[in-house]
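Okay, coords28.txt is below, compact mmCIF, C-alpha atoms:
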# COMPACT_ATOMS: atom_id res chain seq x y z
CA MET A 26 36.73 -96.00 -26.58
CA THR A 27 38.32 -95.82 -30.02
CA THR A 28 39.04 -92.38 -31.46
CA VAL A 29 39.26 -92.11 -35.26
CA LEU A 30 40.57 -89.19 -37.31
CA VAL A 31 39.44 -89.01 -40.95
CA THR A 32 41.17 -86.70 -43.43
CA GLY A 33 39.30 -85.24 -46.39
CA ALA A 34 36.07 -85.42 -44.40
CA GLY A 35 34.25 -83.18 -46.87
CA GLY A 36 35.08 -85.31 -49.91
CA PRO A 37 33.17 -88.34 -51.21
CA ALA A 38 35.41 -90.88 -49.44
CA GLY A 39 35.34 -88.92 -46.19
CA ARG A 40 31.56 -88.60 -46.27
CA ALA A 41 31.22 -92.34 -46.84
CA LEU A 42 33.35 -93.05 -43.77
CA GLY A 43 31.48 -90.48 -41.69
CA SER A 44 28.15 -92.15 -42.38
CA GLN A 45 29.55 -95.57 -41.52
CA LEU A 46 31.11 -94.40 -38.26
CA ALA A 47 27.86 -92.66 -37.28
CA ALA A 48 25.89 -95.84 -37.98
CA ARG A 49 28.26 -97.91 -35.83
CA ALA A 50 28.05 -95.45 -32.97
CA ALA A 51 24.26 -95.43 -33.21
CA ALA A 52 24.34 -99.23 -32.97
CA GLY A 53 26.33 -99.05 -29.75
CA ALA A 54 29.97 -99.12 -30.85
CA ASP A 55 32.29 -97.34 -28.41
CA LEU A 56 33.56 -94.81 -30.94
CA THR A 57 34.33 -91.15 -31.28
CA TRP A 58 35.67 -89.54 -34.43
CA VAL A 59 36.74 -86.24 -35.94
CA GLY A 60 36.84 -85.20 -39.58
CA VAL A 61 39.45 -82.79 -40.90
CA ASP A 62 39.61 -80.96 -44.23
CA ILE A 63 41.17 -77.89 -45.81
CA THR A 64 37.81 -76.08 -45.70
CA PRO A 65 35.17 -76.10 -42.95
CA VAL A 66 32.98 -79.20 -43.02
CA THR A 67 29.34 -79.23 -42.00
CA ASP A 68 28.23 -82.85 -41.84
CA PRO A 69 25.86 -84.25 -39.20
CA ASN A 70 27.74 -87.54 -39.39
CA TYR A 71 30.82 -85.91 -37.89
CA PRO A 72 30.45 -84.95 -34.20
CA ALA A 73 33.64 -82.86 -34.47
CA THR A 74 35.56 -81.30 -37.35
CA ASP A 75 38.79 -79.38 -37.71
CA LEU A 76 40.86 -77.65 -40.37
CA ALA A 77 43.77 -79.49 -41.99
CA PRO A 78 46.67 -78.25 -44.15
CA ARG A 79 46.67 -78.76 -47.89
CA ALA A 80 48.50 -81.86 -49.03
CA ASP A 81 50.77 -79.73 -51.23
CA ALA A 82 51.57 -77.17 -48.50
CA TRP A 83 55.01 -77.03 -46.93
CA ASP A 84 53.44 -77.15 -43.47
CA TYR A 85 51.51 -80.34 -44.19
CA ALA A 86 53.78 -82.53 -42.01
CA THR A 87 53.72 -80.23 -39.00
CA GLY A 88 50.02 -79.52 -39.50
CA MET A 89 49.19 -83.21 -39.38
CA ARG A 90 51.42 -83.59 -36.34
CA ASP A 91 49.51 -80.84 -34.55
CA LEU A 92 46.15 -82.40 -35.43
CA ILE A 93 47.28 -85.76 -34.09
CA LEU A 94 48.58 -84.16 -30.89
CA LYS A 95 45.31 -82.29 -30.47
CA HIS A 96 42.89 -85.17 -31.07
CA ALA A 97 45.04 -88.17 -29.96
CA PRO A 98 43.40 -90.65 -32.36
CA ASP A 99 43.72 -94.40 -32.02
CA LEU A 100 43.41 -94.67 -35.80
CA VAL A 101 43.98 -92.23 -38.67
CA LEU A 102 42.15 -92.87 -41.95
CA PRO A 103 43.57 -90.76 -44.82
CA THR A 104 41.22 -90.33 -47.78
CA VAL A 105 42.91 -87.57 -49.84
CA GLN A 106 44.73 -89.02 -52.83
CA ASP A 107 47.27 -86.17 -52.93
CA GLU A 108 48.46 -86.77 -49.37
CA LEU A 109 49.04 -90.52 -49.52
CA PRO A 110 52.75 -90.63 -50.50
CA GLN A 111 53.88 -88.25 -47.79
CA ILE A 112 51.50 -89.41 -45.08
CA ALA A 113 52.87 -92.92 -45.69
CA VAL A 114 56.30 -91.58 -44.72
CA LEU A 115 54.81 -89.75 -41.73
CA ALA A 116 53.15 -92.98 -40.62
CA GLN A 117 56.54 -94.67 -40.40
CA ALA A 118 57.87 -91.71 -38.44
CA LEU A 119 54.97 -92.10 -36.03
CA ASP A 120 55.75 -95.77 -35.61
CA ARG A 121 59.41 -95.01 -35.01
CA SER A 122 58.75 -92.26 -32.46
CA SER A 123 56.40 -94.59 -30.62
CA ASP A 124 58.70 -97.59 -30.58
CA GLY A 125 62.14 -95.97 -30.44
CA ASP A 126 65.28 -98.01 -30.05
CA ALA A 127 65.84 -99.10 -26.47
CA ALA A 128 69.40 -100.21 -27.13
CA THR A 129 70.72 -97.00 -28.69
CA GLY A 130 68.23 -94.43 -27.50
CA ILE A 131 67.58 -93.37 -31.09
CA GLY A 132 64.37 -91.42 -31.47
CA VAL A 133 63.12 -89.40 -34.41
CA THR A 134 65.35 -86.47 -33.45
CA GLY A 135 67.83 -88.30 -31.23
CA SER A 136 71.44 -89.10 -32.03
CA PRO A 137 73.00 -92.58 -31.64
CA GLY A 138 73.38 -93.54 -28.02
CA THR A 139 71.62 -90.47 -26.69
CA ALA A 140 67.95 -90.19 -25.86
CA SER A 141 66.86 -86.81 -27.20
CA ALA A 142 65.56 -84.35 -24.66
CA VAL A 143 63.83 -82.48 -27.45
CA PRO A 144 60.40 -83.83 -28.46
CA GLY A 145 60.45 -85.49 -31.85
CA PRO A 146 58.48 -83.99 -34.73
CA PHE A 147 55.73 -86.56 -34.21
CA PRO A 148 53.96 -87.55 -31.00
CA ASP A 149 54.46 -90.75 -29.06
CA ALA A 150 51.91 -93.49 -28.46
CA VAL A 151 49.42 -92.64 -31.19
CA GLY A 152 47.41 -95.16 -33.12
CA PRO A 153 48.36 -96.31 -36.61
CA VAL A 154 47.91 -94.25 -39.75
CA LEU A 155 46.13 -96.61 -42.12
CA THR A 156 48.18 -96.20 -45.28
CA PRO A 157 50.39 -98.35 -47.50
CA ASP A 158 54.16 -98.20 -47.18
CA PRO A 159 55.76 -95.19 -48.94
CA GLY A 160 56.86 -97.05 -52.07
CA PRO A 161 53.49 -98.63 -52.90
CA ALA A 162 51.70 -95.41 -51.94
CA ALA A 163 53.81 -93.39 -54.38
CA ILE A 164 53.28 -95.90 -57.20
CA ALA A 165 49.50 -95.96 -56.71
CA ALA A 166 49.39 -92.15 -56.57
CA ASP A 167 50.78 -91.85 -60.12
CA LYS A 168 48.69 -93.51 -62.82
CA LEU A 169 51.66 -93.98 -65.15
CA LEU A 170 53.72 -95.70 -62.44
CA THR A 171 50.69 -97.84 -61.60
CA MET A 172 50.35 -98.98 -65.21
CA LEU A 173 54.09 -99.69 -65.53
CA ALA A 174 54.20 -101.73 -62.32
CA LEU A 175 51.05 -103.73 -63.06
CA ASP A 176 52.06 -104.41 -66.66
CA ARG A 177 55.45 -105.67 -65.54
CA ALA A 178 53.76 -107.96 -63.00
CA GLY A 179 51.47 -109.41 -65.68
CA VAL A 180 48.30 -107.81 -64.31
CA PRO A 181 46.03 -106.91 -67.27
CA VAL A 182 45.82 -103.18 -68.01
CA PRO A 183 44.71 -101.16 -71.05
CA ARG A 184 47.28 -99.97 -73.57
CA PHE A 185 48.86 -96.81 -72.18
CA ALA A 186 51.23 -94.03 -73.21
CA LEU A 187 51.93 -90.34 -72.67
CA PRO A 188 50.49 -87.58 -74.89
CA THR A 189 54.07 -86.61 -75.70
CA ASP A 190 54.55 -90.01 -77.35
CA PHE A 191 52.30 -88.89 -80.22
CA GLY A 192 52.45 -86.15 -82.81
CA GLY A 193 48.77 -85.37 -82.32
CA VAL A 194 45.38 -86.68 -81.28
CA ALA A 195 44.76 -88.37 -84.63
CA GLU A 196 47.95 -90.37 -84.19
CA ALA A 197 46.89 -91.38 -80.67
CA LEU A 198 43.47 -92.53 -81.88
CA ALA A 199 45.12 -94.58 -84.63
CA TRP A 200 47.47 -96.14 -82.05
CA ALA A 201 44.52 -97.14 -79.87
CA ARG A 202 42.49 -98.36 -82.86
CA GLY A 203 39.50 -96.61 -81.32
CA PRO A 204 38.63 -94.15 -78.53
CA ILE A 205 41.16 -93.15 -75.90
CA VAL A 206 40.83 -92.00 -72.31
CA LEU A 207 42.87 -88.98 -71.29
CA LYS A 208 43.46 -88.36 -67.58
CA PRO A 209 45.88 -86.54 -65.27
CA ARG A 210 48.56 -88.86 -63.89
CA VAL A 211 48.01 -87.45 -60.40
CA SER A 212 44.46 -86.50 -59.52
CA ARG A 213 41.61 -87.18 -57.15
CA GLY A 214 38.98 -89.59 -58.38
CA GLY A 215 37.65 -88.85 -61.85
CA ARG A 216 38.78 -85.20 -62.00
CA GLY A 217 40.01 -84.30 -65.46
CA VAL A 218 39.16 -87.65 -67.06
CA ARG A 219 37.75 -87.41 -70.57
CA LEU A 220 36.82 -89.81 -73.32
CA VAL A 221 38.23 -88.82 -76.71
CA GLU A 222 36.59 -90.38 -79.76
CA SER A 223 37.58 -87.69 -82.30
CA PRO A 224 39.83 -84.59 -82.35
CA ALA A 225 36.73 -82.43 -81.82
CA ASP A 226 36.41 -83.85 -78.27
CA LEU A 227 39.50 -81.87 -77.25
CA THR A 228 38.53 -78.40 -78.45
CA ASP A 229 37.37 -77.18 -75.05
CA LEU A 230 40.78 -77.84 -73.47
CA THR A 231 42.00 -74.54 -74.90
CA GLY A 232 38.72 -72.85 -75.75
CA ALA A 233 39.69 -72.83 -79.41
CA GLU A 234 36.96 -72.41 -81.96
CA ASP A 235 36.18 -75.15 -84.45
CA THR A 236 38.75 -74.91 -87.22
CA THR A 237 37.98 -78.03 -89.19
CA GLY A 238 39.77 -77.72 -92.50
CA ALA A 239 38.75 -78.79 -95.97
CA ASP A 240 40.66 -82.01 -95.49
CA GLY A 241 38.49 -82.86 -92.46
CA THR A 242 41.32 -82.31 -89.96
CA ASP A 243 40.19 -80.64 -86.75
CA GLY A 244 42.89 -78.06 -86.16
CA SER A 245 41.52 -76.99 -82.78
CA GLY A 246 41.71 -80.53 -81.46
CA GLU A 247 45.29 -80.88 -82.61
CA ALA A 248 46.12 -77.51 -81.02
CA ALA A 249 44.62 -78.68 -77.75
CA TRP A 250 46.66 -81.87 -77.91
CA SER A 251 49.86 -79.89 -78.35
CA ALA A 252 49.14 -78.18 -75.04
CA LEU A 253 49.23 -81.52 -73.19
CA ASP A 254 52.42 -82.60 -71.46
CA ALA A 255 53.79 -85.63 -69.60
CA SER A 256 51.59 -84.92 -66.56
CA TRP A 257 48.80 -86.68 -68.49
CA ILE A 258 48.37 -90.35 -69.41
CA VAL A 259 46.59 -91.88 -72.40
CA GLN A 260 44.80 -95.22 -72.13
CA SER A 261 42.92 -97.22 -74.74
CA PHE A 262 39.20 -97.21 -73.93
CA ALA A 263 37.69 -100.41 -72.56
CA PRO A 264 33.99 -100.21 -73.48
CA GLY A 265 32.60 -102.93 -71.21
CA THR A 266 31.08 -102.93 -67.72
CA GLU A 267 33.02 -100.97 -65.09
CA TYR A 268 33.57 -102.11 -61.51
CA CYS A 269 35.03 -100.57 -58.37
CA PRO A 270 36.32 -103.43 -56.21
CA GLN A 271 36.90 -102.56 -52.55
CA LEU A 272 39.76 -104.44 -50.93
CA TYR A 273 41.52 -104.58 -47.58
CA ARG A 274 44.90 -106.29 -47.39
CA PRO A 275 46.32 -106.80 -43.88
CA ARG A 276 49.82 -105.50 -43.26
CA THR A 277 50.91 -108.75 -41.61
CA GLY A 278 50.94 -110.57 -44.94
CA THR A 279 49.32 -113.60 -43.32
CA GLY A 280 45.74 -112.38 -43.10
CA THR A 281 43.10 -112.91 -45.73
CA ILE A 282 42.39 -110.12 -48.21
CA THR A 283 38.84 -108.82 -47.85
CA ALA A 284 37.40 -108.21 -51.32
CA VAL A 285 34.00 -106.85 -52.35
CA VAL A 286 33.30 -106.26 -56.05
CA LEU A 287 30.90 -103.39 -56.76
CA GLU A 288 29.46 -102.76 -60.20
CA LYS A 289 29.10 -99.20 -61.47
CA THR A 290 25.63 -98.76 -62.95
CA GLU A 291 25.91 -95.04 -63.71
CA LEU A 292 28.92 -92.79 -64.37
CA LYS A 293 28.97 -89.05 -63.71
CA GLN A 294 30.37 -88.25 -67.15
CA GLY A 295 28.25 -90.72 -69.07
CA ARG A 296 30.76 -93.28 -70.31
CA VAL A 297 33.66 -92.39 -68.00
CA GLY A 298 34.23 -90.77 -64.62
CA ASN A 299 33.32 -91.49 -61.04
CA ALA A 300 30.42 -93.75 -60.17
CA ALA A 301 27.08 -92.00 -59.76
CA ALA A 302 25.47 -95.28 -58.68
CA VAL A 303 26.71 -98.77 -57.82
CA VAL A 304 25.23 -102.14 -56.96
CA ARG A 305 26.74 -105.01 -55.03
CA PRO A 306 26.40 -108.25 -56.99
CA ARG A 307 26.09 -111.49 -55.08
CA ALA A 308 29.46 -112.65 -53.71
CA GLY A 309 31.33 -114.99 -56.01
CA THR A 310 29.49 -114.02 -59.20
CA LEU A 311 32.42 -112.03 -60.64
CA PRO A 312 35.45 -114.21 -59.86
CA ASP A 313 37.57 -112.89 -62.74
CA VAL A 314 37.20 -109.28 -61.61
CA GLU A 315 37.93 -110.19 -57.99
CA HIS A 316 40.97 -112.24 -59.03
CA VAL A 317 42.46 -109.37 -61.05
CA ALA A 318 41.80 -106.92 -58.19
CA ARG A 319 43.59 -109.17 -55.70
CA ARG A 320 46.54 -109.60 -58.05
CA ALA A 321 46.78 -105.83 -58.51
CA VAL A 322 47.04 -104.90 -54.83
CA GLU A 323 49.51 -107.72 -54.25
CA ALA A 324 51.61 -106.67 -57.25
CA LEU A 325 51.92 -103.11 -55.94
CA GLY A 326 52.48 -104.24 -52.36
CA LEU A 327 49.50 -102.22 -51.11
CA THR A 328 48.19 -102.82 -47.60
CA GLY A 329 45.15 -101.48 -45.83
CA PRO A 330 42.13 -100.31 -47.86
CA ALA A 331 42.21 -100.03 -51.65
CA ASP A 332 39.66 -98.74 -54.14
CA LEU A 333 40.11 -99.93 -57.75
CA ASP A 334 38.63 -99.13 -61.14
CA ILE A 335 38.37 -102.17 -63.41
CA ARG A 336 36.64 -102.34 -66.79
CA ARG A 337 36.03 -105.08 -69.35
CA ASP A 338 37.53 -104.74 -72.81
CA THR A 339 35.91 -105.78 -76.10
CA THR A 340 36.69 -109.45 -75.35
CA GLY A 341 35.15 -109.27 -71.87
CA ALA A 342 38.51 -109.45 -70.09
CA PRO A 343 38.82 -107.24 -66.98
CA LEU A 344 41.52 -104.54 -67.10
CA VAL A 345 42.78 -102.46 -64.17
CA LEU A 346 42.39 -98.75 -64.97
CA GLU A 347 43.74 -97.31 -61.71
CA ILE A 348 44.10 -97.94 -57.97
CA ASN A 349 43.57 -95.71 -54.97
CA GLY A 350 45.42 -96.90 -51.86
CA ARG A 351 42.72 -95.67 -49.50
CA PHE A 352 39.03 -95.91 -48.67
CA GLY A 353 36.93 -94.84 -51.64
CA ALA A 354 33.65 -93.03 -52.16
CA ASN A 355 31.72 -96.31 -52.28
CA SER A 356 33.16 -97.97 -49.18
CA ASP A 357 29.77 -97.74 -47.49
CA HIS A 358 28.65 -100.52 -49.85
CA ALA A 359 31.44 -102.70 -48.43
CA PRO A 360 31.32 -102.14 -44.64
CA GLU A 361 33.59 -105.13 -44.11
CA LEU A 362 36.56 -102.90 -44.91
CA LEU A 363 35.92 -100.50 -42.04
CA ASP A 364 35.12 -103.45 -39.77
CA THR A 365 38.58 -104.85 -40.49
CA ALA A 366 40.29 -101.48 -40.06
CA LEU A 367 38.67 -100.93 -36.67
CA ALA A 368 39.41 -104.47 -35.51
CA HIS A 369 43.06 -104.52 -36.59
CA GLY A 370 44.11 -100.92 -36.34
CA GLY A 371 41.76 -99.09 -34.01
CA HIS A 372 43.31 -100.21 -30.74
CA PRO A 373 46.80 -101.00 -29.51
CA HIS A 374 48.05 -104.46 -30.48
CA GLY A 375 45.12 -104.89 -32.85
CA GLN A 376 42.59 -105.59 -30.09
CA HIS A 377 39.11 -104.15 -30.43
CA PRO A 378 38.37 -101.85 -27.49
CA HIS A 379 36.56 -103.32 -24.49
CA GLY A 380 36.23 -106.66 -26.22
CA GLN A 381 33.52 -105.26 -28.45
CA ALA A 382 33.25 -106.89 -31.86
CA PRO A 383 33.30 -104.81 -35.03
CA HIS A 384 29.99 -103.91 -36.60
CA GLY A 385 28.23 -106.96 -37.97
CA GLN A 386 30.64 -109.52 -36.46
CA ALA A 387 30.39 -111.85 -33.51
CA PRO A 388 32.77 -111.31 -30.55
CA ARG A 389 35.96 -113.33 -30.75
Rewritten as structure tokens:
Amino acid sequence: MTTVLVTGAGGPAGRALGSQLAARAAAGADLTWVGVDITPVTDPNYPATDLAPRADAWDYATGMRDLILKHAPDLVLPTVQDELPQIAVLAQALDRSSDGDAATGIGVTGSPGTASAVPGPFPDAVGPVLTPDPGPAAIAADKLLTMLALDRAGVPVPRFALPTDFGGVAEALAWARGPIVLKPRVSRGGRGVRLVESPADLTDLTGAEDTTGADGTDGSGEAAWSALDASWIVQSFAPGTEYCPQLYRPRTGTGTITAVVLEKTELKQGRVGNAAAVVRPRAGTLPDVEHVARRAVEALGLTGPADLDIRRDTTGAPLVLEINGRFGANSDHAPELLDTALAHGGHPHGQHPHGQAPHGQAPR
């Protein structure tokens, strides 16, 4: 039996994984799974739940260690954007404590040439934590670093800058030659994202009243802009169709990237934000979007699951808006990703337990 631990079980990505795991178990897959979150989760798709530490808490590392010791998962699927950089480091610690160094006796807490009698900070013989390496995870977690890395690699992205690069919102709109998108550099999903087409769109950032002057300048919007700092990023707005490609890139570097392009048909904030509805176009009908998505994950060095936002500009060219190095809220529309994760990561040495094939695939 394969045991899976899903973090952020109460969030959109965690709920999507819970429903998929429940469907596989109902179809006969030899699975058990537990969902963890910072608040209690009540979800019929999770047979067991537990409390997890906040990603920004000092006890996050030891809290995750304790959860892994308690539930002994064969596979850990992180879904919380905030935790990805540090859980990527923890994943390597888990690998090291499991493998050790037979020649020198170096463990996580051991000293050279001496096998430590004290248990390491992470348990032995646990399954893999499905996350990118620390460097790629940290880049993907910061939208400015993502833009810088992709732009340098020649992957198409919108124009981007920091609010502190401009004297005010009017200057930023002139720079973009049209609307801009303002978003936190580090955030979960579409939280905090707003479309700015005029200074008046920023008045509610500070709660300022409308102070449009005789010259037509919106003073409240400019005041709101002055409150922004370098924790935000500005992007030029791409007005075309938006997509959320779902990719899985094997860690070995020799396997084929699984790619499913989903089209967003409704956004929660109207013209921007998370997808409220998606459709799955026929495979191969959006080759340019798929090509850009593949280039993006390769450019950042991401492995495992990835959830991207891509949008067409005024010329129809696809631009990468951001990348999440994890399963996303719409992964249930691309079940191939979880199939691959269970087949390659859910059992020691990449073998599927008991010779059972992943959901929807023939036995090998």
| request: Measuring atom to atom with all atoms listed in the file, identify which of A:Ala86, A:Leu272, A:Val211, A:Ala48 is nearest to Ala255 in chain A. | output: A:Val211
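Distances here use all atoms listed in the file; by that measure, the residue among A:Ala342, A:Leu253, A:Val317, A:Ala51 closest to Gly265 in chain A is A:Ala342.
Nearest to Arg337 in chain A of all the residues A:Ala284, A:Val101, A:Val114, A:Cys269 is A:Cys269, based on only C-alpha atoms.
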Around (37.2, -80.6, -35.9) in the file's own coordinates, what residues are found within 9 Å if you use only C-alpha atoms, given back as a CSV table (one decimal) with C-alpha atoms, keeping the file's coordinate frame?
chain,number,residue,atom,x,y,z
A,59,VAL,CA,36.7,-86.2,-35.9
A,60,GLY,CA,36.8,-85.2,-39.6
A,61,VAL,CA,39.4,-82.8,-40.9
A,62,ASP,CA,39.6,-81.0,-44.2
A,65,PRO,CA,35.2,-76.1,-43.0
A,66,VAL,CA,33.0,-79.2,-43.0
A,71,TYR,CA,30.8,-85.9,-37.9
A,72,PRO,CA,30.4,-85.0,-34.2
A,73,ALA,CA,33.6,-82.9,-34.5
A,74,THR,CA,35.6,-81.3,-37.4
A,75,ASP,CA,38.8,-79.4,-37.7
A,76,LEU,CA,40.9,-77.6,-40.4
A,96,HIS,CA,42.9,-85.2,-31.1
| field | Residue nearest His316 in chain A among A:Leu198, A:Ala118, A:Val180, A:Ala263 (counting all atoms listed in the file) | value |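 Once distances to His316 in chain A are computed over all atoms listed in the file, the minimum belongs to A:Val180.
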Closest-contact table, range 271-358 of chain A side, partner range 173-179 of chain A, 7 Å, counting only C-alpha atoms, as CSV:
residue,atom,partner,partner_atom,distance
A:Ala321,CA,A:Leu175,CA,6.6
A:Ala324,CA,A:Ala178,CA,6.3
A:Leu325,CA,A:Ala174,CA,6.9
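Distance-wise, CA of Ile258 in chain A and CA of Leu187 in chain A end up 4.8 Å apart.
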| query | So, counting all atoms listed in the file, which residue among A:Leu100, A:Ala80, A:Val182, A:Val259 is closest to Glu196 in chain A? | reply |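 Smallest separation from Glu196 in chain A among the options: A:Val259.
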| field | Residue neighbourhood Ala47 in chain A, 12 Å, only C-alpha atoms, exclusion window fewer than 4 positions, as a list in words | value |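 The contact residues come out as Val29, Arg40, Ala41, Leu42, Gly43, Ala51, Ala52, Gly53, Ala54, Asp55, Leu56, Thr57, Trp58, Val59, Gly60, Asp68, Pro69, Asn70, Tyr71, Pro72, Ala73, Asp357 and His384 of chain A.
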